[in-house]
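A.B. asks: Next comes the structure file protein.tsv, holding TSV, C-alpha atoms and all ligand atoms.
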chain	number	residue	atom	x	y	z
A	20	MET	CA	162.47	148.62	60.14
A	21	LYS	CA	161.29	148.43	56.50
A	22	ARG	CA	157.88	149.45	57.76
A	23	THR	CA	159.34	152.62	59.28
A	24	LEU	CA	161.01	153.57	56.03
A	25	ILE	CA	157.75	153.12	54.12
A	26	ALA	CA	155.96	155.25	56.68
A	27	VAL	CA	158.51	158.06	56.45
A	28	LEU	CA	158.34	158.03	52.66
A	29	LEU	CA	154.55	158.07	52.75
A	30	ILE	CA	154.49	161.13	54.98
A	31	ALA	CA	157.15	162.87	52.86
A	32	CYS	CA	155.14	162.26	49.65
A	33	LEU	CA	151.95	163.57	51.24
A	34	ALA	CA	153.70	166.60	52.72
A	35	VAL	CA	154.90	168.00	49.39
A	36	PRO	CA	151.59	168.84	47.67
A	37	ALA	CA	149.70	169.59	50.88
A	38	SER	CA	150.72	173.21	51.25
A	39	PHE	CA	147.62	173.90	53.36
A	40	ALA	CA	148.72	171.25	55.81
A	41	GLN	CA	150.22	171.89	59.23
A	42	LEU	CA	153.30	169.98	60.24
A	43	ALA	CA	153.69	169.26	63.95
A	44	VAL	CA	156.51	167.67	65.90
A	45	GLY	CA	156.37	166.49	69.47
A	46	VAL	CA	157.33	164.13	72.23
A	47	SER	CA	155.09	161.54	73.82
A	48	GLY	CA	155.24	158.91	76.53
A	49	ALA	CA	153.26	155.68	76.28
A	50	LEU	CA	152.27	153.27	79.01
A	51	TYR	CA	150.87	149.79	78.40
A	52	SER	CA	148.14	148.04	80.31
A	53	ASP	CA	145.71	145.13	80.12
A	54	SER	CA	142.90	147.12	81.70
A	55	GLU	CA	141.54	150.65	81.41
A	56	VAL	CA	143.59	153.18	83.36
A	57	SER	CA	142.05	156.34	84.83
A	58	PHE	CA	143.57	159.72	84.04
A	59	LYS	CA	144.66	160.06	87.69
A	60	GLU	CA	146.47	156.70	87.64
A	61	THR	CA	148.02	157.55	84.25
A	62	TRP	CA	149.37	160.77	85.73
A	63	SER	CA	150.87	159.02	88.80
A	64	ARG	CA	152.47	156.29	86.64
A	65	PHE	CA	154.01	158.99	84.43
A	66	ASN	CA	155.32	160.74	87.53
A	67	GLU	CA	156.92	157.49	88.72
A	68	GLY	CA	158.23	157.07	85.17
A	69	ASP	CA	158.31	153.29	85.40
A	70	GLY	CA	157.66	151.36	82.17
A	71	ILE	CA	156.99	154.48	80.09
A	72	PHE	CA	158.10	154.38	76.44
A	73	TRP	CA	159.32	157.87	75.39
A	74	GLY	CA	159.96	159.18	71.91
A	75	PRO	CA	159.35	161.65	69.10
A	76	PHE	CA	156.46	161.89	66.68
A	77	VAL	CA	155.60	163.88	63.60
A	78	GLU	CA	152.09	164.72	62.44
A	79	LEU	CA	150.64	166.31	59.36
A	80	GLY	CA	147.38	168.08	60.13
A	81	MET	CA	145.04	168.58	57.18
A	82	GLY	CA	141.89	170.38	58.33
A	83	LYS	CA	139.95	167.70	60.20
A	84	LEU	CA	142.41	164.88	59.44
A	85	ALA	CA	145.94	164.20	60.59
A	86	LEU	CA	148.52	161.60	59.61
A	87	GLY	CA	151.18	160.70	62.15
A	88	LEU	CA	154.26	158.62	62.76
A	89	SER	CA	155.36	157.95	66.32
A	90	MET	CA	158.39	156.15	67.75
A	91	ASN	CA	158.54	155.31	71.46
A	92	PHE	CA	161.38	153.57	73.25
A	93	SER	CA	162.23	152.09	76.63
A	94	MET	CA	165.90	151.43	77.42
A	95	TYR	CA	166.82	149.08	80.23
A	96	GLU	CA	169.43	146.57	81.38
A	97	GLU	CA	169.16	142.89	82.21
A	98	ASP	CA	171.53	141.11	84.58
A	99	TRP	CA	173.26	138.45	82.45
A	100	SER	CA	175.93	137.65	85.07
A	101	ALA	CA	174.66	134.10	85.78
A	102	PHE	CA	174.49	133.31	82.06
A	103	TYR	CA	177.88	134.88	81.28
A	104	GLY	CA	179.81	133.65	84.36
A	105	ALA	CA	181.05	137.16	85.21
A	106	PRO	CA	179.32	140.44	86.06
A	107	LEU	CA	177.50	141.61	82.93
A	108	MET	CA	174.61	144.03	82.48
A	109	MET	CA	173.23	143.77	78.94
A	110	GLY	CA	171.37	146.77	77.52
A	111	PHE	CA	168.09	146.31	75.65
A	112	VAL	CA	165.63	148.59	73.93
A	113	ASP	CA	161.91	148.00	73.57
A	114	TYR	CA	160.41	150.01	70.73
A	115	ASP	CA	156.96	150.84	69.43
A	116	VAL	CA	156.62	152.39	65.98
A	117	ALA	CA	153.17	153.36	64.70
A	118	LEU	CA	151.67	155.03	61.64
A	119	TYR	CA	148.24	156.49	62.34
A	120	LEU	CA	145.35	158.51	61.00
A	121	GLN	CA	143.30	160.84	63.20
A	122	ALA	CA	139.93	162.53	62.74
A	123	HIS	CA	139.59	165.91	64.53
A	124	PRO	CA	135.91	167.01	64.27
A	125	PHE	CA	136.70	170.56	65.55
A	126	GLY	CA	139.87	170.86	63.43
A	127	TYR	CA	143.49	169.92	64.08
A	128	LYS	CA	144.35	173.23	65.80
A	129	SER	CA	141.13	173.82	67.76
A	130	PHE	CA	141.52	174.80	71.43
A	131	LEU	CA	139.44	171.84	72.62
A	132	ASP	CA	140.45	169.00	70.36
A	133	PRO	CA	138.78	165.59	70.79
A	134	PHE	CA	139.88	163.06	68.19
A	135	LEU	CA	139.57	159.49	66.95
A	136	GLU	CA	142.58	157.47	65.87
A	137	ILE	CA	143.28	154.29	63.90
A	138	GLY	CA	146.70	152.97	63.05
A	139	ALA	CA	149.13	150.13	62.56
A	140	GLY	CA	152.48	149.51	64.14
A	141	GLN	CA	155.13	147.19	65.41
A	142	ILE	CA	156.30	146.69	68.99
A	143	GLY	CA	159.45	144.74	69.72
A	144	LYS	CA	162.68	144.27	71.60
A	145	ASP	CA	166.33	144.23	70.53
A	146	TYR	CA	169.83	144.68	71.88
A	147	ALA	CA	170.53	148.35	72.66
A	148	ASP	CA	174.13	148.11	71.45
A	149	GLU	CA	174.77	146.73	67.95
A	150	LYS	CA	178.19	145.57	69.12
A	151	PHE	CA	176.57	142.77	71.16
A	152	ASP	CA	173.74	142.09	68.72
A	153	PRO	CA	174.16	138.72	66.92
A	154	ASP	CA	171.62	139.89	64.29
A	155	PRO	CA	171.70	143.71	63.89
A	156	ASP	CA	169.25	143.58	60.95
A	157	ASN	CA	166.40	142.08	62.98
A	158	PRO	CA	164.85	142.53	66.40
A	159	LEU	CA	164.76	139.73	68.99
A	160	TYR	CA	160.98	139.84	69.38
A	161	ALA	CA	158.36	141.74	67.44
A	162	THR	CA	154.61	141.88	67.05
A	163	ASN	CA	152.67	143.75	64.39
A	164	TYR	CA	149.42	145.29	65.53
A	165	PHE	CA	146.43	147.45	64.63
A	166	GLU	CA	145.19	150.13	66.97
A	167	ALA	CA	142.04	152.18	67.44
A	168	GLY	CA	141.02	154.64	70.12
A	169	VAL	CA	140.17	158.13	71.26
A	170	GLY	CA	142.03	161.15	72.51
A	171	LEU	CA	141.63	164.67	73.79
A	172	GLY	CA	143.94	167.58	73.07
A	173	LEU	CA	144.25	171.19	74.19
A	174	ASN	CA	145.88	173.59	71.76
A	175	LEU	CA	147.01	177.14	72.50
A	176	GLY	CA	148.19	178.60	69.24
A	177	SER	CA	151.12	176.51	68.12
A	178	LEU	CA	151.49	174.59	71.39
A	179	GLY	CA	149.43	171.54	72.18
A	180	VAL	CA	149.12	168.81	74.79
A	181	PHE	CA	147.08	165.63	74.51
A	182	TRP	CA	146.01	162.36	76.10
A	183	LYS	CA	144.99	159.35	74.03
A	184	MET	CA	144.01	155.75	74.72
A	185	LEU	CA	144.29	153.07	72.05
A	186	TYR	CA	143.25	149.42	71.95
A	187	MET	CA	145.82	147.17	70.26
A	188	PHE	CA	144.93	144.10	68.18
A	189	PRO	CA	147.53	141.60	66.90
A	190	GLY	CA	148.22	141.69	63.14
A	191	ASP	CA	150.28	139.44	60.87
A	192	PRO	CA	153.31	137.77	62.52
A	193	ALA	CA	156.45	139.90	62.19
A	194	GLU	CA	158.93	138.57	59.63
A	195	ALA	CA	162.71	138.75	59.62
A	196	THR	CA	165.11	138.17	56.73
A	197	THR	CA	168.63	136.92	57.11
A	198	THR	CA	171.22	135.89	54.48
A	199	MET	CA	172.43	132.29	54.78
A	200	GLU	CA	175.88	131.63	53.32
A	201	TYR	CA	177.25	128.19	52.48
A	202	ASP	CA	180.83	127.16	51.79
A	203	PHE	CA	180.42	123.58	50.53
A	204	ASN	CA	184.09	122.75	49.90
A	205	GLY	CA	185.54	124.60	52.91
A	206	ASP	CA	187.86	126.91	50.93
A	207	GLY	CA	186.64	130.02	52.73
A	208	ILE	CA	184.79	131.29	49.65
A	209	VAL	CA	180.99	131.30	49.81
A	210	ASP	CA	179.59	129.01	47.10
A	211	TYR	CA	175.92	129.70	47.64
A	212	SER	CA	173.86	132.21	49.58
A	213	GLU	CA	170.18	132.79	49.92
A	214	ASP	CA	167.87	135.08	51.86
A	215	MET	CA	165.84	133.23	54.43
A	216	THR	CA	162.64	134.71	55.80
A	217	TYR	CA	161.24	133.51	59.10
A	218	TYR	CA	158.79	134.59	61.73
A	219	LEU	CA	160.13	136.40	64.77
A	220	ALA	CA	159.13	135.35	68.27
A	221	ALA	CA	156.17	137.48	69.32
A	222	TYR	CA	156.54	140.41	71.69
A	223	PRO	CA	153.77	140.17	74.30
A	224	LEU	CA	151.06	142.59	73.20
A	225	ARG	CA	149.10	144.41	75.89
A	226	LYS	CA	145.46	145.32	75.42
A	227	LEU	CA	145.85	149.09	75.71
A	228	LYS	CA	148.32	151.89	75.43
A	229	ILE	CA	147.85	155.32	76.92
A	230	PHE	CA	149.78	158.36	75.71
A	231	LEU	CA	150.52	161.76	77.18
A	232	GLY	CA	152.31	164.13	74.85
A	233	GLY	CA	153.06	167.63	73.76
A	234	LYS	CA	153.50	169.09	70.30
A	235	LEU	CA	154.64	172.15	68.48
A	236	ILE	CA	152.60	173.02	65.39
A	237	LEU	CA	155.05	174.52	62.91
B	301	CA	CA	168.98	142.45	66.61
B	302	CA	CA	183.70	127.45	48.68
So, in terms of structure tokens, how does the structure I just supplied come out?
C.D. replies:
Amino acid sequence: MKRTLIAVLLIACLAVPASFAQLAVGVSGALYSDSEVSFKETWSRFNEGDGIFWGPFVELGMGKLALGLSMNFSMYEEDWSAFYGAPLMMGFVDYDVALYLQAHPFGYKSFLDPFLEIGAGQIGKDYADEKFDPDPDNPLYATNYFEAGVGLGLNLGSLGVFWKMLYMFPGDPAEATTTMEYDFNGDGIVDYSEDMTYYLAAYPLRKLKIFLGGKLIL
């Protein structure tokens, strides 16, 4: 989640001097696919609600540019009864965090608002409950990616809705850091510790993600 922290700081730094900028907050749902999905099919999959990642986003509109940070999540349970030897449903969360830049040729608040977007993010999976998580500092699977695509928004004053479709491309493998502790003489006191960095198992990256969302321009 270091990436998320950097993204938040970046937006905060940019927000301070940009007094002409417009801050927007909103909620979006994302669906993932390996082939292009029509608007009609997108709408029906959102209505079924299956496999949609929901979450908040914040955007900073600056004339014809906007900088955004989105976080989308999907919570679900897996049946671990066979593995555990007793009935057990284990909760997991899949997440997708992205930092992106948009170009709005008609302006960020225009009524008809087509836009282009590029960005970078991480998608991954972890235990939903830290209590059961053997490694709370790191996800189970994660994949870094780049994204690029198009969108269309409709804005009525301070309220807006939008659709966007982004292609995702794999980036550098996601790293995790964990502290290894060694007690050489078995007296219960750690004699040596070091941070170990390793690559996480990859989260399967789909070709496309399609968003529907709404925002409030503050
Ligand atoms: Ca974890
Ligand atoms: Ca020792």
A.B. asks: Counting all atoms listed in the file, give me one row per residue of chain A with an atom at most 10 Å from an atom of ligand CA 301 (chain B), showing the shortest contact pair and its distance in Å to one decimal, sorted by chain then residue number, as a Markdown table.
C.D. replies:
| residue | atom | partner | partner_atom | distance |
| --- | --- | --- | --- | --- |
| A:Phe111 | CA | B:CA301 | CA | 9.9 |
| A:Lys144 | CA | B:CA301 | CA | 8.2 |
| A:Asp145 | CA | B:CA301 | CA | 5.1 |
| A:Tyr146 | CA | B:CA301 | CA | 5.8 |
| A:Ala147 | CA | B:CA301 | CA | 8.6 |
| A:Asp148 | CA | B:CA301 | CA | 9.1 |
| A:Glu149 | CA | B:CA301 | CA | 7.3 |
| A:Phe151 | CA | B:CA301 | CA | 8.9 |
| A:Asp152 | CA | B:CA301 | CA | 5.2 |
| A:Pro153 | CA | B:CA301 | CA | 6.4 |
| A:Asp154 | CA | B:CA301 | CA | 4.3 |
| A:Pro155 | CA | B:CA301 | CA | 4.0 |
| A:Asp156 | CA | B:CA301 | CA | 5.8 |
| A:Asn157 | CA | B:CA301 | CA | 4.5 |
| A:Pro158 | CA | B:CA301 | CA | 4.1 |
| A:Leu159 | CA | B:CA301 | CA | 5.6 |
| A:Tyr160 | CA | B:CA301 | CA | 8.9 |
A.B. asks: Residues at most 7 Å from ligand CA 302 (chain B), using all atoms listed in the file? Could they come as a ChimeraX atom specification?
C.D. replies: /A:202-210
A.B. asks: Pick from A:Ile142, A:Asn174, A:Ser47, A:Val112: nearest to A:Arg225, with only C-alpha atoms counted?
C.D. replies: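 Closest to A:Arg225, using only C-alpha atoms: A:Ile142.
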A.B. asks: When you draw a straight line from atom CA of A:Met215 to atom CA of A:Ala117, how long is it in Å?
C.D. replies: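 Here the two named atoms are 25.9 Å from each other.
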A.B. asks: Would you list the contacts of A:Leu227 as a PyMOL selection string, taking every protein, DNA or RNA residue within 10 Å and counting only C-alpha atoms, but skipping same-chain residues closer than 2 positions in sequence?
C.D. replies: chain A and resi 49-56+166-168+184-188+224-225+229
A.B. asks: Quick one: residues within 9 Å of A:Leu84, only C-alpha atoms counted, chain neighbours fewer than 5 positions away excluded, as a list in words?
C.D. replies: Leu79, Leu120, Gln121, Ala122, His123, Pro124, Gly126 and Tyr127 of chain A
A.B. asks: Filtering to C-alpha atoms, could you give me those residues as a PDB file, in the frame of the given file?
C.D. replies:
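Now in result-v4.pdb:
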ATOM      1  CA  LEU A  79     150.640 166.310  59.360  1.00  0.00           C
ATOM      2  CA  LEU A 120     145.350 158.510  61.000  1.00  0.00           C
ATOM      3  CA  GLN A 121     143.300 160.840  63.200  1.00  0.00           C
ATOM      4  CA  ALA A 122     139.930 162.530  62.740  1.00  0.00           C
ATOM      5  CA  HIS A 123     139.590 165.910  64.530  1.00  0.00           C
ATOM      6  CA  PRO A 124     135.910 167.010  64.270  1.00  0.00           C
ATOM      7  CA  GLY A 126     139.870 170.860  63.430  1.00  0.00           C
ATOM      8  CA  TYR A 127     143.490 169.920  64.080  1.00  0.00           C
TER       9      TYR A 127
END
A.B. asks: Just checking: using all atoms listed in the file, which residue out of A:Gly104, A:Pro75, A:Pro133, A:Gly45 ends up closest to A:Leu178?
C.D. replies: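 Once distances to A:Leu178 are computed over all atoms listed in the file, the minimum belongs to A:Gly45.
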A.B. asks: Quick one, how far is atom CA of A:Lys183 from atom CA of A:Leu231?
C.D. replies: 6.8 Å
A.B. asks: Would you mind reading off the distance between atom CA of A:Gly172 and atom CA of A:Asn91, one decimal, in Å?
C.D. replies: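 Going from atom CA of A:Gly172 over to atom CA of A:Asn91, I get 19.1 Å.
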A.B. asks: I'd like to know which of A:Glu200, A:Ala195, A:Gly80, A:Phe165 is closest to A:Thr216, using all atoms listed in the file.
C.D. replies: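 Closest to A:Thr216, using all atoms listed in the file: A:Ala195.
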A.B. asks: With only C-alpha atoms as the atoms that count, which of A:Glu97, A:Tyr103, A:Asp113, A:Leu86 lies nearest to A:Ala139?
C.D. replies: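 When distances to A:Ala139 are compared using only C-alpha atoms, the smallest one comes from A:Leu86.
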A.B. asks: Kindly indicate which residue among A:Met108, A:Val180, A:Ala101, A:Ala193 lies nearest to A:Gly143, using only C-alpha atoms for the distances.
C.D. replies: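 Smallest separation from A:Gly143 among the options: A:Ala193.
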A.B. asks: Which of these, A:Gly110, A:Gly170, A:Gly232, A:Gly87, has the shortest distance to A:Leu135 once you count all atoms listed in the file?
C.D. replies: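 Closest to A:Leu135 of all the choices is A:Gly170.
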A.B. asks: Emit a file covering stretch 33-177 of chain A of the preceding structure with C-alpha atoms, as a short mmCIF file (atom, residue, chain, number, x, y, z; two decimals), in the first residue's frame.
C.D. replies:
data_model
loop_
_atom_site.label_atom_id
_atom_site.label_comp_id
_atom_site.auth_asym_id
_atom_site.auth_seq_id
_atom_site.Cartn_x
_atom_site.Cartn_y
_atom_site.Cartn_z
CA LEU A 33 -1.01 19.40 -5.99
CA ALA A 34 -4.28 20.44 -4.35
CA VAL A 35 -2.74 23.15 -2.16
CA PRO A 36 -1.49 25.64 -4.78
CA ALA A 37 -4.18 24.84 -7.34
CA SER A 38 -6.86 27.17 -6.03
CA PHE A 39 -8.49 27.27 -9.48
CA ALA A 40 -8.89 23.52 -9.37
CA GLN A 41 -12.12 21.65 -8.75
CA LEU A 42 -12.13 18.80 -6.29
CA ALA A 43 -14.60 15.99 -6.98
CA VAL A 44 -15.49 12.92 -4.97
CA GLY A 45 -17.50 9.97 -6.18
CA VAL A 46 -18.29 6.29 -6.26
CA SER A 47 -17.60 3.93 -9.12
CA GLY A 48 -18.08 0.30 -9.99
CA ALA A 49 -15.61 -1.57 -12.21
CA LEU A 50 -16.09 -4.76 -14.15
CA TYR A 51 -13.26 -6.75 -15.74
CA SER A 52 -13.28 -8.52 -19.06
CA ASP A 53 -11.00 -10.05 -21.68
CA SER A 54 -13.09 -8.71 -24.56
CA GLU A 55 -14.87 -5.46 -25.37
CA VAL A 56 -18.22 -5.15 -23.62
CA SER A 57 -21.12 -3.17 -25.11
CA PHE A 58 -22.81 -0.48 -23.04
CA LYS A 59 -25.99 -2.61 -22.91
CA GLU A 60 -24.10 -5.64 -21.57
CA THR A 61 -22.22 -3.41 -19.09
CA TRP A 62 -25.55 -2.11 -17.81
CA SER A 63 -27.03 -5.63 -17.38
CA ARG A 64 -23.88 -6.89 -15.60
CA PHE A 65 -24.06 -3.91 -13.23
CA ASN A 66 -27.71 -4.69 -12.58
CA GLU A 67 -26.83 -8.30 -11.74
CA GLY A 68 -24.01 -6.90 -9.61
CA ASP A 69 -21.84 -9.98 -10.04
CA GLY A 70 -18.06 -9.44 -10.04
CA ILE A 71 -18.30 -5.64 -9.77
CA PHE A 72 -15.58 -3.88 -7.76
CA TRP A 73 -17.10 -0.89 -5.92
CA GLY A 74 -15.31 1.98 -4.24
CA PRO A 75 -14.60 5.68 -3.80
CA PHE A 76 -12.49 8.00 -5.90
CA VAL A 77 -11.24 11.55 -5.69
CA GLU A 78 -10.40 13.76 -8.65
CA LEU A 79 -8.81 17.15 -9.05
CA GLY A 80 -10.07 18.90 -12.16
CA MET A 81 -7.79 21.59 -13.57
CA GLY A 82 -9.38 23.11 -16.68
CA LYS A 83 -8.89 20.44 -19.34
CA LEU A 84 -6.88 18.07 -17.12
CA ALA A 85 -7.82 15.99 -14.12
CA LEU A 86 -5.79 13.89 -11.70
CA GLY A 87 -7.55 11.05 -9.92
CA LEU A 88 -7.14 8.30 -7.37
CA SER A 89 -9.62 5.43 -7.32
CA MET A 90 -10.01 2.44 -5.01
CA ASN A 91 -12.36 -0.39 -5.94
CA PHE A 92 -13.05 -3.50 -3.89
CA SER A 93 -14.85 -6.82 -4.13
CA MET A 94 -15.55 -8.72 -0.89
CA TYR A 95 -16.38 -12.40 -1.02
CA GLU A 96 -16.05 -15.67 0.88
CA GLU A 97 -14.37 -18.94 -0.04
CA ASP A 98 -15.41 -22.29 1.41
CA TRP A 99 -12.34 -23.55 3.31
CA SER A 100 -14.22 -26.37 5.09
CA ALA A 101 -12.39 -29.21 3.26
CA PHE A 102 -9.02 -27.61 3.99
CA TYR A 103 -9.84 -26.80 7.62
CA GLY A 104 -11.71 -30.03 8.52
CA ALA A 105 -14.71 -28.12 9.90
CA PRO A 106 -17.18 -25.63 8.40
CA LEU A 107 -15.25 -22.45 7.62
CA MET A 108 -16.02 -19.58 5.25
CA MET A 109 -12.94 -17.38 4.83
CA GLY A 110 -13.45 -13.77 3.77
CA PHE A 111 -11.29 -12.21 1.07
CA VAL A 112 -11.05 -8.82 -0.58
CA ASP A 113 -9.90 -8.13 -4.12
CA TYR A 114 -8.76 -4.54 -4.58
CA ASP A 115 -7.81 -2.28 -7.44
CA VAL A 116 -6.07 1.02 -6.68
CA ALA A 117 -5.22 3.38 -9.54
CA LEU A 118 -3.70 6.83 -9.98
CA TYR A 119 -4.69 8.42 -13.29
CA LEU A 120 -4.52 11.49 -15.46
CA GLN A 121 -7.39 12.54 -17.72
CA ALA A 122 -7.64 14.97 -20.63
CA HIS A 123 -11.07 16.64 -21.03
CA PRO A 124 -11.06 18.57 -24.36
CA PHE A 125 -14.36 20.38 -23.52
CA GLY A 126 -13.34 21.04 -19.89
CA TYR A 127 -13.74 19.01 -16.70
CA LYS A 128 -17.25 20.36 -15.94
CA SER A 129 -18.68 20.50 -19.46
CA PHE A 130 -22.18 19.03 -19.94
CA LEU A 131 -20.98 16.58 -22.59
CA ASP A 132 -17.61 15.43 -21.36
CA PRO A 133 -15.59 12.96 -23.48
CA PHE A 134 -12.17 12.23 -22.05
CA LEU A 135 -8.94 10.26 -22.44
CA GLU A 136 -7.26 8.57 -19.51
CA ILE A 137 -3.86 7.07 -18.70
CA GLY A 138 -2.84 5.67 -15.36
CA ALA A 139 -1.02 3.14 -13.24
CA GLY A 140 -2.30 0.89 -10.51
CA GLN A 141 -2.19 -2.31 -8.57
CA ILE A 142 -4.80 -5.06 -8.45
CA GLY A 143 -4.58 -7.79 -5.86
CA LYS A 144 -6.17 -10.07 -3.30
CA ASP A 145 -5.81 -10.41 0.47
CA TYR A 146 -7.60 -11.73 3.52
CA ALA A 147 -10.58 -9.52 4.42
CA ASP A 148 -9.98 -9.91 8.16
CA GLU A 149 -6.50 -9.11 9.52
CA LYS A 150 -7.14 -11.56 12.35
CA PHE A 151 -6.76 -14.50 9.94
CA ASP A 152 -4.07 -12.89 7.79
CA PRO A 153 -0.65 -14.57 8.26
CA ASP A 154 0.99 -11.49 6.65
CA PRO A 155 -1.08 -8.32 7.29
CA ASP A 156 1.60 -6.10 5.69
CA ASN A 157 1.35 -7.71 2.25
CA PRO A 158 -1.37 -8.95 -0.08
CA LEU A 159 -1.61 -12.59 -1.17
CA TYR A 160 -1.47 -11.79 -4.88
CA ALA A 161 -0.81 -8.52 -6.65
CA THR A 162 -0.09 -7.24 -10.13
CA ASN A 163 1.06 -3.76 -11.07
CA TYR A 164 -0.34 -2.40 -14.31
CA PHE A 165 -0.58 0.55 -16.68
CA GLU A 166 -3.90 1.58 -18.17
CA ALA A 167 -5.11 3.70 -21.06
CA GLY A 168 -8.57 4.31 -22.44
CA VAL A 169 -11.51 6.56 -23.15
CA GLY A 170 -14.60 7.71 -21.34
CA LEU A 171 -17.72 9.79 -21.64
CA GLY A 172 -19.28 11.87 -18.90
CA LEU A 173 -22.43 13.94 -18.46
CA ASN A 174 -22.27 16.80 -15.99
CA LEU A 175 -25.20 18.83 -14.68
CA GLY A 176 -23.74 21.55 -12.52
CA SER A 177 -21.97 19.85 -9.67
#
